[in-house]
$ cat structure_14.tsv   # TSV, C-alpha atoms
chain	number	residue	atom	x	y	z
D	277	MET	CA	6.40	120.38	35.11
D	278	GLU	CA	4.19	117.51	33.94
D	279	THR	CA	6.58	116.57	31.11
D	280	ASN	CA	9.61	116.54	33.42
D	281	ILE	CA	7.90	114.39	36.06
D	282	SER	CA	6.60	111.81	33.58
D	283	LYS	CA	10.11	111.25	32.22
D	284	LEU	CA	12.07	111.21	35.48
D	285	PRO	CA	13.81	107.99	36.59
D	286	ILE	CA	11.62	106.37	39.24
D	287	LEU	CA	12.43	104.41	42.39
D	288	ASN	CA	9.88	102.69	44.62
D	289	ILE	CA	11.04	102.55	48.26
D	290	GLY	CA	9.49	100.32	50.93
D	291	MET	CA	9.43	101.47	54.57
D	292	VAL	CA	9.83	98.26	56.60
D	293	GLY	CA	10.55	97.27	60.19
D	294	HIS	CA	9.03	96.29	63.53
D	295	ILE	CA	5.86	97.93	64.82
D	296	ASP	CA	6.35	101.31	66.58
D	297	HIS	CA	9.94	101.74	65.41
D	298	GLY	CA	8.93	104.94	63.60
D	299	LYS	CA	8.38	104.04	59.94
D	300	THR	CA	5.37	106.30	59.44
D	301	THR	CA	6.95	109.19	61.35
D	302	LEU	CA	10.12	108.82	59.26
D	303	LEU	CA	8.05	108.83	56.08
D	304	GLN	CA	6.38	112.05	57.23
D	305	ALA	CA	9.82	113.58	57.87
D	306	LEU	CA	11.02	112.52	54.40
D	307	SER	CA	7.94	113.46	52.39
D	308	GLY	CA	5.88	115.85	54.49
D	309	LYS	CA	2.95	113.42	54.24
D	310	PHE	CA	1.37	111.41	57.06
D	311	ALA	CA	0.57	108.03	55.48
D	312	ASP	CA	-1.78	106.67	58.18
D	313	ILE	CA	-4.96	108.31	56.90
D	314	HIS	CA	-7.49	105.59	57.68
D	315	SER	CA	-9.66	106.09	60.77
D	316	GLU	CA	-8.81	102.72	62.29
D	317	GLU	CA	-5.09	103.40	61.87
D	318	LEU	CA	-5.41	106.78	63.54
D	319	LYS	CA	-7.29	105.25	66.47
D	320	ARG	CA	-4.85	102.37	66.98
D	321	GLY	CA	-1.66	104.21	66.12
D	322	ILE	CA	-0.37	101.54	63.73
D	323	THR	CA	-0.20	101.09	59.97
D	324	ILE	CA	-2.84	98.61	58.80
D	325	LYS	CA	-2.99	99.22	55.05
D	326	LEU	CA	-0.29	100.20	52.61
D	327	GLY	CA	0.43	103.92	52.81
D	328	TYR	CA	1.97	105.98	50.02
D	329	ALA	CA	3.92	109.22	49.72
D	330	ASP	CA	6.24	110.67	47.10
D	331	ILE	CA	8.99	113.25	46.62
D	332	VAL	CA	11.28	114.52	43.87
D	333	LEU	CA	15.03	114.63	44.53
D	334	LYS	CA	17.72	116.90	43.17
D	335	LYS	CA	20.97	115.37	41.90
D	336	LYS	CA	22.85	116.22	45.11
D	337	GLY	CA	20.40	114.16	47.13
D	338	GLU	CA	18.29	117.07	48.35
D	339	LYS	CA	14.52	117.44	48.30
D	340	PHE	CA	13.40	119.22	45.13
D	341	ASN	CA	11.23	122.33	44.96
D	342	VAL	CA	9.79	123.78	41.75
D	343	GLU	CA	12.07	126.84	41.89
D	344	ASP	CA	15.20	124.68	42.36
D	345	GLY	CA	15.96	124.03	38.69
D	346	GLU	CA	16.17	120.54	37.19
D	347	PRO	CA	14.78	117.55	39.14
D	348	PHE	CA	16.90	114.37	39.34
D	349	ARG	CA	14.65	111.42	40.24
D	350	TYR	CA	11.15	110.63	41.47
D	351	LEU	CA	10.75	108.57	44.65
D	352	THR	CA	7.59	106.77	45.73
D	353	PHE	CA	7.46	105.47	49.31
D	354	VAL	CA	5.33	102.50	50.38
D	355	ASP	CA	4.70	102.31	54.14
D	356	VAL	CA	4.00	98.70	55.13
D	357	PRO	CA	2.62	97.35	58.43
D	358	GLY	CA	5.08	96.18	61.08
D	359	HIS	CA	2.49	94.27	63.12
D	360	GLU	CA	2.92	90.49	63.13
D	361	MET	CA	-0.73	89.88	62.19
D	362	LEU	CA	-0.42	92.02	59.04
D	363	MET	CA	2.44	90.13	57.38
D	364	ALA	CA	0.32	89.41	54.29
D	365	THR	CA	-0.07	93.15	53.69
D	366	MET	CA	3.68	93.63	54.17
D	367	LEU	CA	4.39	90.99	51.52
D	368	SER	CA	1.95	92.69	49.12
D	369	GLY	CA	3.86	95.92	49.60
D	370	ALA	CA	7.19	94.18	49.01
D	371	ALA	CA	5.92	93.08	45.61
D	372	VAL	CA	5.87	96.64	44.27
D	373	ILE	CA	9.15	98.04	45.62
D	374	ASP	CA	12.66	98.33	44.16
D	375	ALA	CA	14.54	99.12	47.36
D	376	ALA	CA	13.84	99.42	51.08
D	377	ILE	CA	14.51	101.47	54.18
D	378	LEU	CA	14.74	99.10	57.16
D	379	VAL	CA	13.90	101.03	60.34
D	380	VAL	CA	15.38	99.87	63.67
D	381	ALA	CA	14.65	101.85	66.84
D	382	ALA	CA	17.88	102.53	68.78
D	383	ASN	CA	16.05	102.18	72.11
D	384	GLU	CA	14.58	98.75	71.27
D	385	GLY	CA	16.97	97.13	68.79
D	386	ILE	CA	16.29	94.04	66.68
D	387	LYS	CA	12.79	92.62	67.16
D	388	PRO	CA	10.91	89.64	65.63
D	389	GLN	CA	9.32	91.65	62.81
D	390	THR	CA	12.69	93.27	62.04
D	391	ARG	CA	13.98	89.78	61.26
D	392	GLU	CA	10.80	88.81	59.42
D	393	HIS	CA	10.80	91.91	57.24
D	394	LEU	CA	14.47	91.51	56.29
D	395	THR	CA	13.78	87.89	55.39
D	396	ALA	CA	10.74	88.96	53.34
D	397	LEU	CA	12.95	91.37	51.38
D	398	GLN	CA	15.32	88.49	50.69
D	399	ALA	CA	12.40	86.29	49.58
D	400	LYS	CA	11.28	89.04	47.19
D	401	LYS	CA	14.91	89.49	45.99
D	402	ILE	CA	15.12	93.13	47.09
D	403	ASN	CA	18.79	93.74	47.88
D	404	LYS	CA	19.03	97.54	47.79
D	405	ILE	CA	18.54	98.42	51.46
D	406	ILE	CA	19.23	101.46	53.63
D	407	ILE	CA	19.16	100.82	57.40
D	408	VAL	CA	17.88	103.70	59.53
D	409	GLN	CA	18.78	103.57	63.22
D	410	ASN	CA	15.84	105.67	64.41
D	411	LYS	CA	15.03	107.32	67.76
D	412	ILE	CA	18.64	108.18	68.62
D	413	ASP	CA	17.24	111.11	70.63
D	414	LEU	CA	15.90	108.58	73.15
D	415	VAL	CA	19.26	106.95	74.01
D	416	LEU	CA	22.65	107.99	75.37
D	417	LYS	CA	25.70	108.07	73.09
D	418	LYS	CA	27.02	104.77	74.51
D	419	GLN	CA	23.65	103.06	73.95
D	420	ALA	CA	23.55	104.36	70.37
D	421	PHE	CA	26.96	102.80	69.66
D	422	GLU	CA	25.85	99.49	71.22
D	423	SER	CA	22.67	99.52	69.14
D	424	TYR	CA	24.73	100.22	65.99
D	425	LYS	CA	27.03	97.25	66.68
D	426	LYS	CA	24.03	94.95	67.22
D	427	ILE	CA	22.51	96.08	63.91
D	428	LYS	CA	25.78	95.29	62.10
D	429	GLU	CA	25.89	91.85	63.74
D	430	PHE	CA	22.27	91.23	62.76
D	431	VAL	CA	22.79	91.94	59.05
D	432	LYS	CA	26.08	90.04	58.78
D	433	GLY	CA	25.72	87.34	56.14
D	434	THR	CA	22.42	88.75	54.83
D	435	ILE	CA	21.50	90.78	51.75
D	436	ALA	CA	21.87	93.91	53.92
D	437	GLU	CA	25.40	93.17	55.15
D	438	ASN	CA	26.94	96.08	53.23
D	439	SER	CA	24.00	98.45	53.60
D	440	PRO	CA	24.63	101.87	55.15
D	441	VAL	CA	23.39	102.39	58.73
D	442	ILE	CA	22.21	105.99	59.26
D	443	PRO	CA	21.52	107.25	62.83
D	444	VAL	CA	18.35	109.37	62.71
D	445	SER	CA	15.72	111.02	64.84
D	446	ALA	CA	12.63	111.17	62.64
D	447	GLN	CA	10.69	112.95	65.39
D	448	GLN	CA	13.29	115.74	65.61
D	449	GLY	CA	14.19	115.75	61.89
D	450	VAL	CA	17.83	114.84	62.57
D	451	SER	CA	19.94	113.44	59.67
D	452	ILE	CA	17.03	113.24	57.20
D	453	ASP	CA	19.36	114.83	54.63
D	454	LEU	CA	21.68	111.80	54.88
D	455	ILE	CA	18.81	109.52	53.88
D	456	TYR	CA	18.08	111.71	50.83
D	457	LYS	CA	21.75	111.39	49.78
D	458	ALA	CA	21.69	107.60	50.19
D	459	LEU	CA	18.47	107.38	48.16
D	460	ALA	CA	20.04	109.46	45.39
D	461	GLU	CA	22.88	106.91	45.09
D	462	ILE	CA	20.70	103.81	44.62
D	463	GLU	CA	20.91	102.48	41.08
D	464	ILE	CA	17.65	102.62	39.14
D	465	PRO	CA	16.64	99.10	37.97
D	466	GLN	CA	16.40	98.36	34.26
D	467	ARG	CA	12.79	98.76	33.10
D	468	ASP	CA	11.22	96.87	30.21
D	469	LYS	CA	9.12	99.45	28.35
D	470	LYS	CA	8.56	97.34	25.22
D	471	ALA	CA	6.80	94.39	26.89
D	472	ASP	CA	3.05	94.09	27.30
D	473	PRO	CA	2.12	96.19	30.36
D	474	ILE	CA	1.69	94.49	33.72
D	475	PHE	CA	0.13	96.61	36.46
D	476	PHE	CA	-0.03	95.04	39.93
D	477	VAL	CA	-2.96	96.43	41.92
D	478	ALA	CA	-2.07	96.92	45.59
D	479	ARG	CA	-5.00	99.20	46.52
D	480	SER	CA	-8.36	100.17	45.01
D	481	PHE	CA	-10.72	102.90	46.16
D	482	ASP	CA	-13.58	105.30	45.62
D	483	ILE	CA	-12.31	108.91	45.73
D	484	ASN	CA	-15.75	110.55	45.64
D	485	LYS	CA	-16.87	112.38	48.75
D	486	PRO	CA	-20.41	111.95	50.08
D	487	GLY	CA	-22.79	114.38	48.39
D	488	THR	CA	-20.76	114.70	45.17
D	489	LYS	CA	-23.04	115.64	42.27
D	490	ILE	CA	-23.49	113.02	39.56
D	491	ASN	CA	-21.76	115.12	36.89
D	492	ASN	CA	-18.67	115.44	39.11
D	493	LEU	CA	-18.33	111.77	40.06
D	494	HIS	CA	-15.04	109.98	39.34
D	495	GLY	CA	-14.74	106.33	38.31
D	496	GLY	CA	-13.06	103.68	40.45
D	497	VAL	CA	-9.33	104.10	41.10
D	498	LEU	CA	-6.59	101.44	41.05
D	499	GLY	CA	-3.39	102.03	43.01
D	500	GLY	CA	-0.25	100.02	42.42
D	501	ALA	CA	2.88	99.66	40.34
D	502	LEU	CA	3.52	99.22	36.62
D	503	LYS	CA	6.23	96.53	36.46
D	504	LYS	CA	6.74	96.59	32.70
D	505	GLY	CA	5.33	98.09	29.52
D	506	ILE	CA	3.52	101.42	29.06
D	507	LEU	CA	-0.04	102.48	29.88
D	508	LYS	CA	-1.72	105.58	28.46
D	509	VAL	CA	-4.88	107.55	29.10
D	510	GLY	CA	-7.58	106.09	26.83
D	511	ASP	CA	-6.17	102.53	26.88
D	512	GLU	CA	-8.74	99.76	27.25
D	513	ILE	CA	-7.61	97.38	29.99
D	514	GLU	CA	-8.69	94.14	31.62
D	515	ILE	CA	-8.33	93.19	35.27
D	516	LYS	CA	-7.87	89.59	36.48
D	517	PRO	CA	-8.84	87.47	38.38
D	518	GLY	CA	-11.63	90.06	38.43
D	519	ILE	CA	-14.89	89.96	40.35
D	520	LYS	CA	-16.09	86.87	42.23
D	521	LYS	CA	-19.63	85.78	41.35
D	522	ILE	CA	-21.83	82.82	42.25
D	523	GLU	CA	-23.30	80.93	39.30
D	524	LYS	CA	-25.10	77.61	39.68
D	525	ASN	CA	-23.90	77.40	43.30
D	526	LYS	CA	-20.29	77.69	42.16
D	527	GLU	CA	-17.79	80.51	42.69
D	528	ILE	CA	-16.39	81.91	39.46
D	529	TYR	CA	-14.23	84.92	38.65
D	530	LYS	CA	-15.15	87.26	35.80
D	531	THR	CA	-12.57	89.46	34.11
D	532	VAL	CA	-13.28	93.17	34.52
D	533	LYS	CA	-12.84	95.40	31.45
D	534	THR	CA	-12.65	99.17	31.48
D	535	LYS	CA	-10.85	102.24	30.09
D	536	ILE	CA	-8.18	104.48	31.66
D	537	VAL	CA	-9.58	107.98	32.29
D	538	SER	CA	-6.56	109.57	34.02
D	539	ILE	CA	-3.21	108.61	35.53
D	540	TYR	CA	-1.54	110.22	38.54
D	541	ARG	CA	1.98	109.77	39.84
D	542	GLY	CA	1.61	111.23	43.30
D	543	SER	CA	-0.01	114.65	42.84
D	544	TYR	CA	1.19	114.96	39.23
D	545	GLU	CA	-1.21	114.09	36.42
D	546	ILE	CA	0.49	112.32	33.50
D	547	LYS	CA	-0.79	111.11	30.14
D	548	GLN	CA	1.51	108.11	29.85
D	549	ALA	CA	2.98	105.87	32.55
D	550	GLU	CA	6.27	104.04	32.26
D	551	PRO	CA	7.43	101.23	34.61
D	552	GLY	CA	8.49	102.00	38.16
D	553	GLY	CA	6.99	103.82	41.11
D	554	SER	CA	3.42	103.90	42.35
D	555	LEU	CA	0.51	105.05	40.23
D	556	ALA	CA	-3.15	105.88	40.71
D	557	ILE	CA	-5.21	104.99	37.66
D	558	GLU	CA	-8.74	106.36	37.37
D	559	THR	CA	-11.01	104.12	35.32
D	560	GLU	CA	-14.58	104.12	34.03
D	561	LEU	CA	-15.50	101.42	36.57
D	562	ASP	CA	-18.40	101.87	38.95
D	563	MET	CA	-16.73	103.02	42.17
D	564	ALA	CA	-18.62	100.26	44.04
D	565	LEU	CA	-16.26	97.76	42.36
D	566	THR	CA	-13.12	99.46	43.63
D	567	LYS	CA	-14.06	100.80	47.07
D	568	THR	CA	-12.31	99.48	50.20
D	569	ASP	CA	-9.70	97.54	48.23
D	570	HIS	CA	-12.16	95.22	46.45
D	571	LEU	CA	-9.72	94.83	43.56
D	572	SER	CA	-6.46	94.78	45.51
D	573	GLY	CA	-4.29	91.79	44.57
D	574	THR	CA	-5.45	91.79	40.95
D	575	VAL	CA	-3.41	92.38	37.79
D	576	ALA	CA	-4.27	94.77	34.95
D	577	SER	CA	-3.04	94.94	31.35
D	578	LEU	CA	-4.24	95.78	27.85
D	579	LYS	CA	-7.18	93.68	26.66
D	580	GLY	CA	-6.16	90.14	25.74
D	581	LYS	CA	-2.61	90.38	27.08
D	582	LEU	CA	-2.92	88.60	30.45
D	583	PRO	CA	-2.60	84.82	30.91
D	584	GLU	CA	-5.63	82.82	32.03
D	585	ILE	CA	-6.19	82.65	35.78
D	586	THR	CA	-5.41	79.37	37.52
D	587	GLU	CA	-6.44	77.57	40.70
D	588	LYS	CA	-3.49	75.18	40.44
D	589	LEU	CA	0.11	76.23	40.89
D	590	LYS	CA	3.51	74.58	40.81
D	591	ILE	CA	6.23	76.28	42.84
D	592	LYS	CA	9.95	75.71	43.18
D	593	ALA	CA	10.13	76.22	46.93
D	594	GLU	CA	12.78	76.55	49.62
D	595	ASN	CA	12.37	76.54	53.41
D	596	PHE	CA	14.12	78.88	55.80
D	597	LYS	CA	16.03	77.23	58.64
D	598	GLU	CA	13.96	79.01	61.28
D	599	VAL	CA	10.43	80.41	61.54
D	600	MET	CA	10.48	84.18	61.08
D	601	GLY	CA	8.72	86.65	63.39
D	602	VAL	CA	8.78	84.63	66.62
D	603	GLU	CA	10.86	85.04	69.75
D	604	GLY	CA	13.68	82.51	70.12
D	605	HIS	CA	14.53	79.82	67.60
D	606	LYS	CA	11.90	77.57	66.04
D	607	LYS	CA	12.95	75.14	63.31
D	608	VAL	CA	10.94	75.12	60.08
D	609	GLU	CA	9.48	71.68	59.44
D	610	ASP	CA	9.39	70.22	55.93
D	611	PHE	CA	6.37	70.78	53.70
D	612	LYS	CA	3.66	68.13	54.04
D	613	VAL	CA	1.09	66.88	51.54
D	614	GLY	CA	-2.36	68.09	52.62
D	615	GLU	CA	-1.21	71.13	54.60
D	616	THR	CA	-2.46	74.63	53.81
D	617	LEU	CA	0.01	77.48	53.26
D	618	MET	CA	-0.45	81.19	52.66
D	619	LEU	CA	1.16	82.38	49.43
D	620	SER	CA	2.12	85.93	48.51
D	621	ILE	CA	2.35	86.23	44.72
D	622	CYS	CA	2.92	89.76	43.44
D	623	THR	CA	0.29	91.79	45.33
D	624	SER	CA	-2.14	88.86	45.72
D	625	ILE	CA	-2.53	86.70	48.80
D	626	THR	CA	-4.09	83.25	48.56
D	627	LEU	CA	-4.24	80.01	50.52
D	628	GLY	CA	-3.08	76.84	48.86
D	629	LYS	CA	-3.30	73.16	49.77
D	630	ILE	CA	-0.29	71.01	48.92
D	631	MET	CA	-1.33	68.14	46.65
D	632	LYS	CA	2.09	66.80	45.61
D	633	ILE	CA	5.74	67.22	46.62
D	634	SER	CA	8.65	66.30	44.33
D	635	GLU	CA	12.10	67.22	45.63
D	636	ASN	CA	11.97	71.04	45.92
D	637	GLU	CA	8.78	71.42	43.85
D	638	ILE	CA	5.30	71.58	45.34
D	639	GLU	CA	1.97	71.44	43.50
D	640	MET	CA	-0.95	73.25	45.11
D	641	ASN	CA	-4.68	73.81	44.77
D	642	LEU	CA	-5.54	77.44	45.50
D	643	ASN	CA	-8.53	78.83	47.38
D	644	THR	CA	-8.42	82.02	45.29
D	645	PRO	CA	-7.13	81.92	41.70
D	646	VAL	CA	-4.10	83.94	40.62
D	647	VAL	CA	-2.67	85.30	37.39
D	648	PRO	CA	0.46	83.16	36.88
D	649	PHE	CA	3.73	84.61	35.56
D	650	GLN	CA	6.68	82.25	35.30
D	651	LYS	CA	9.55	82.94	37.74
D	652	ASP	CA	7.45	85.30	39.85
D	653	ASN	CA	8.67	85.40	43.47
D	654	VAL	CA	6.44	83.72	46.05
D	655	GLY	CA	6.50	84.32	49.80
D	656	ILE	CA	5.40	81.22	51.74
D	657	ALA	CA	3.84	81.40	55.22
D	658	ARG	CA	2.58	78.69	57.58
D	659	ASN	CA	0.09	78.98	60.42
D	660	VAL	CA	2.24	78.69	63.55
D	661	ASP	CA	0.46	78.98	66.91
D	662	GLY	CA	-2.44	80.84	65.34
D	663	HIS	CA	-0.37	83.32	63.29
D	664	TRP	CA	0.83	83.23	59.70
D	665	ARG	CA	4.63	83.14	59.83
D	666	LEU	CA	7.04	83.43	56.93
D	667	ILE	CA	8.79	80.06	56.50
D	668	GLY	CA	10.14	80.10	52.95
D	669	PHE	CA	10.09	81.45	49.45
D	670	GLY	CA	9.99	80.18	45.90
D	671	GLU	CA	9.15	80.98	42.31
D	672	VAL	CA	6.33	80.04	39.97
D	673	ILE	CA	7.21	77.25	37.55
$ encode --input "structure_14.tsv" --output "C-alpha cells"
Amino acid sequence: METNISKLPILNIGMVGHIDHGKTTLLQALSGKFADIHSEELKRGITIKLGYADIVLKKKGEKFNVEDGEPFRYLTFVDVPGHEMLMATMLSGAAVIDAAILVVAANEGIKPQTREHLTALQAKKINKIIIVQNKIDLVLKKQAFESYKKIKEFVKGTIAENSPVIPVSAQQGVSIDLIYKALAEIEIPQRDKKADPIFFVARSFDINKPGTKINNLHGGVLGGALKKGILKVGDEIEIKPGIKKIEKNKEIYKTVKTKIVSIYRGSYEIKQAEPGGSLAIETELDMALTKTDHLSGTVASLKGKLPEITEKLKIKAENFKEVMGVEGHKKVEDFKVGETLMLSICTSITLGKIMKISENEIEMNLNTPVVPFQKDNVGIARNVDGHWRLIGFGEVI
C-alpha cells in the first residue's frame, strides 16, 4: 500500500467559511477525523489552529478502502479558522492549498467571514472552489431555495461564480457522496518535481508523550506542504528564517540545519515525498525547537538551496474596494507611508512598515524577516477598529 499511496496524484483542500457554519463537522463527515484536537479548541468550540485530515478516493468519487481495488487520488484537508480574529491563521492555511470547500450555513447565509475567506482565496489565486450549503436539515425547503439563490448572487462576478453549490447536512451525513464526486473531478495542478524542494512549514510539534523513555523519543516534527521538488528520508535540510536569538542586544535569526528521519502523508509512511498535499516530516531536531508551532511560518529545503532571509520587501500591491470581514460597506483607503500592515507570505505572517510608495509598488521594512521568492502571493491586512482586516493582495517583486 505504501508504494501506491506515495505515487498517487495529490490534492490539498482548504475548508473555509464563517465561524460555526460547520467546517469541522463537515471535515469529520468527509474523513472520519475530528480536526479540533487542541484543548482550547475543544473548550471554546471553534477552530484556532490549522487542522488536518486525509482520505483516499476511488475513481468514481467514492471513499477508498483497502479492499476496494485501485485507489484514484489522495486528498488532504486543511481546516482553517472562521473567527475574525484568526484571519492570519486562515491566510497561512490558504498558502498550502490547491482548492477549497467554501461552507455556507443555510440557516445563516452569507456572513462577514464568508466574504473575507472568498476574497482571501482570490488573493491567493485559488480558483478551484466547491460551495457547500450546509445545515439544510435546519431549514424548510423554501428557505433552502432562498439561501441557494443568495449564495449564487454572492458569488456572481467572483472566482467562484461557476462553482457547484451542493446542499448538505454534515451533521446527518446527507449528500457527502456528492462532495466526493466533485472532489474527484477537480484537475490536479501541474507539479514541478525537478526544482529545488521548497517545503512551507505551517505547523511544528513535539509528538512525544510525557514519560516516554529516552530510547523511544522522536525528533521534532514539521507539518506543511511541499510546493515543488522532492524530499527523501536521509536528506539534510535547512530551515529559514530559523531560530531567533539575542546577540549583543540585537535580534538575529540563525538557520536551523537537520536531517529527515521519516516522512508521513497522513497515516502512511513514505520514503520519498513529491509536491502536493500535507506532510509530516520527522527530523533530528530537539523537540523543544518544534513544540507548540515554534517553527511555523518557516521554509525548509536542501542545504544551501534557500535564498537569504530579508527584512526589506518590495511588493506589487493592489487594494480591494471595500474592507473585508466587516458588516456593511467600508471603503479601503490608499496605502500611506509610515503605516504598518500585516503581510501573509506563504505560511509566514509578519508586520511591515511602509517606507516608500511608487505607483502600485510599496517598499517595506519587516518586523520579522521572511524567505523571499519572486512572484509569491501576499495577503495584505490593515488594523481596522482593533482587528486585522484583509484589504488587498500583491506579489513579491
$ closest_residue --input "structure_14.tsv" --among "D:Gly614, D:Gly628, D:Gly499, D:Gly505" --to "D:Gly573" --atoms "only C-alpha atoms"
D:Gly499
$ closest_residue --input "structure_14.tsv" --among "D:Thr586, D:Gln419, D:Thr352, D:Asn403" --to "D:Gly385" --atoms "only C-alpha atoms"
D:Gln419
$ atom_distance --input "structure_14.tsv" --atom1 "atom CA of D:Ala381" --atom2 "atom CA of D:Leu397"
18.8 Å
$ residues_around --input "structure_14.tsv" --residues "D:Gly655" --least-positions-apart "3" --cutoff "6 Å" --atoms "all atoms listed in the file" --output "list of chain:residue names"
D:Leu619, D:Ser620, D:Phe669
$ residues_around --input "structure_14.tsv" --residues "D:Val608" --least-positions-apart "6" --cutoff "10 Å" --atoms "only C-alpha atoms" --output "PyMOL selection string"
chain D and resi 595-600+658+666-668
$ residues_around --input "structure_14.tsv" --residues "D:Pro551" --least-positions-apart "4" --cutoff "7 Å" --atoms "only C-alpha atoms" --output "JSON, numbers by chain"
{"D": [467, 469, 502, 503, 504, 505, 506]}
$ atom_distance --input "structure_14.tsv" --atom1 "atom CA of D:Glu422" --atom2 "atom CA of D:Val380"
12.9 Å
$ atom_distance --input "structure_14.tsv" --atom1 "atom CA of D:Ile373" --atom2 "atom CA of D:Pro473"
16.9 Å
$ residues_near_point --input "structure_14.tsv" --point "(11.0, 91.3, 59.9)" --cutoff "8 Å" --atoms "all atoms listed in the file" --output "PyMOL selection string"
chain D and resi 292-294+358+387-396+600-601
$ closest_residue --input "structure_14.tsv" --among "D:Leu306, D:Ile412, D:Val332, D:Ala376" --to "D:Gly542" --atoms "only C-alpha atoms"
D:Val332
$ closest_atom_pairs --input "structure_14.tsv" --of "stretch 530-644 of chain D" --to "stretch 521-526 of chain D" --cutoff "12 Å" --atoms "only C-alpha atoms" --output "tab-separated table"
residue	atom	partner	partner_atom	distance
D:Lys530	CA	D:Lys521	CA	7.3
D:Thr531	CA	D:Lys521	CA	10.8
D:Val532	CA	D:Lys521	CA	11.9
$ residues_around --input "structure_14.tsv" --residues "D:Pro645" --least-positions-apart "2" --cutoff "10 Å" --atoms "all atoms listed in the file" --output "JSON list (two decimals) with C-alpha atoms, keeping the file's coordinate frame"
[["chain", "number", "residue", "atom", "x", "y", "z"],
["D", 516, "LYS", "CA", -7.87, 89.59, 36.48],
["D", 517, "PRO", "CA", -8.84, 87.47, 38.38],
["D", 518, "GLY", "CA", -11.63, 90.06, 38.43],
["D", 528, "ILE", "CA", -16.39, 81.91, 39.46],
["D", 529, "TYR", "CA", -14.23, 84.92, 38.65],
["D", 584, "GLU", "CA", -5.63, 82.82, 32.03],
["D", 585, "ILE", "CA", -6.19, 82.65, 35.78],
["D", 586, "THR", "CA", -5.41, 79.37, 37.52],
["D", 587, "GLU", "CA", -6.44, 77.57, 40.70],
["D", 588, "LYS", "CA", -3.49, 75.18, 40.44],
["D", 589, "LEU", "CA", 0.11, 76.23, 40.89],
["D", 624, "SER", "CA", -2.14, 88.86, 45.72],
["D", 625, "ILE", "CA", -2.53, 86.70, 48.80],
["D", 626, "THR", "CA", -4.09, 83.25, 48.56],
["D", 627, "LEU", "CA", -4.24, 80.01, 50.52],
["D", 628, "GLY", "CA", -3.08, 76.84, 48.86],
["D", 641, "ASN", "CA", -4.68, 73.81, 44.77],
["D", 642, "LEU", "CA", -5.54, 77.44, 45.50],
["D", 643, "ASN", "CA", -8.53, 78.83, 47.38],
["D", 647, "VAL", "CA", -2.67, 85.30, 37.39],
["D", 648, "PRO", "CA", 0.46, 83.16, 36.88]]
$ closest_residue --input "structure_14.tsv" --among "D:Lys567, D:His297, D:Lys533, D:Lys283" --to "D:Lys411" --atoms "only C-alpha atoms"
D:His297
$ closest_residue --input "structure_14.tsv" --among "D:Ile546, D:Val379, D:Val444, D:Ala564" --to "D:Gly298" --atoms "all atoms listed in the file"
D:Val379
$ residues_around --input "structure_14.tsv" --residues "D:Asp330" --least-positions-apart "6" --cutoff "12 Å" --atoms "all atoms listed in the file" --output "PDB file with C-alpha atoms, in the frame of the given file"
ATOM      1  CA  ILE D 281       7.900 114.390  36.060  1.00  0.00           C
ATOM      2  CA  ILE D 286      11.620 106.370  39.240  1.00  0.00           C
ATOM      3  CA  LEU D 287      12.430 104.410  42.390  1.00  0.00           C
ATOM      4  CA  ASN D 288       9.880 102.690  44.620  1.00  0.00           C
ATOM      5  CA  ILE D 289      11.040 102.550  48.260  1.00  0.00           C
ATOM      6  CA  GLY D 290       9.490 100.320  50.930  1.00  0.00           C
ATOM      7  CA  LEU D 303       8.050 108.830  56.080  1.00  0.00           C
ATOM      8  CA  GLN D 304       6.380 112.050  57.230  1.00  0.00           C
ATOM      9  CA  ALA D 305       9.820 113.580  57.870  1.00  0.00           C
ATOM     10  CA  LEU D 306      11.020 112.520  54.400  1.00  0.00           C
ATOM     11  CA  SER D 307       7.940 113.460  52.390  1.00  0.00           C
ATOM     12  CA  GLY D 308       5.880 115.850  54.490  1.00  0.00           C
ATOM     13  CA  LYS D 309       2.950 113.420  54.240  1.00  0.00           C
ATOM     14  CA  PHE D 310       1.370 111.410  57.060  1.00  0.00           C
ATOM     15  CA  ALA D 311       0.570 108.030  55.480  1.00  0.00           C
ATOM     16  CA  LYS D 339      14.520 117.440  48.300  1.00  0.00           C
ATOM     17  CA  PHE D 340      13.400 119.220  45.130  1.00  0.00           C
ATOM     18  CA  ARG D 349      14.650 111.420  40.240  1.00  0.00           C
ATOM     19  CA  TYR D 350      11.150 110.630  41.470  1.00  0.00           C
ATOM     20  CA  LEU D 351      10.750 108.570  44.650  1.00  0.00           C
ATOM     21  CA  THR D 352       7.590 106.770  45.730  1.00  0.00           C
ATOM     22  CA  PHE D 353       7.460 105.470  49.310  1.00  0.00           C
ATOM     23  CA  VAL D 354       5.330 102.500  50.380  1.00  0.00           C
ATOM     24  CA  ASP D 355       4.700 102.310  54.140  1.00  0.00           C
ATOM     25  CA  TYR D 540      -1.540 110.220  38.540  1.00  0.00           C
ATOM     26  CA  ARG D 541       1.980 109.770  39.840  1.00  0.00           C
ATOM     27  CA  GLY D 542       1.610 111.230  43.300  1.00  0.00           C
ATOM     28  CA  SER D 543      -0.010 114.650  42.840  1.00  0.00           C
ATOM     29  CA  TYR D 544       1.190 114.960  39.230  1.00  0.00           C
ATOM     30  CA  GLY D 553       6.990 103.820  41.110  1.00  0.00           C
ATOM     31  CA  SER D 554       3.420 103.900  42.350  1.00  0.00           C
ATOM     32  CA  LEU D 555       0.510 105.050  40.230  1.00  0.00           C
TER      33      LEU D 555
END
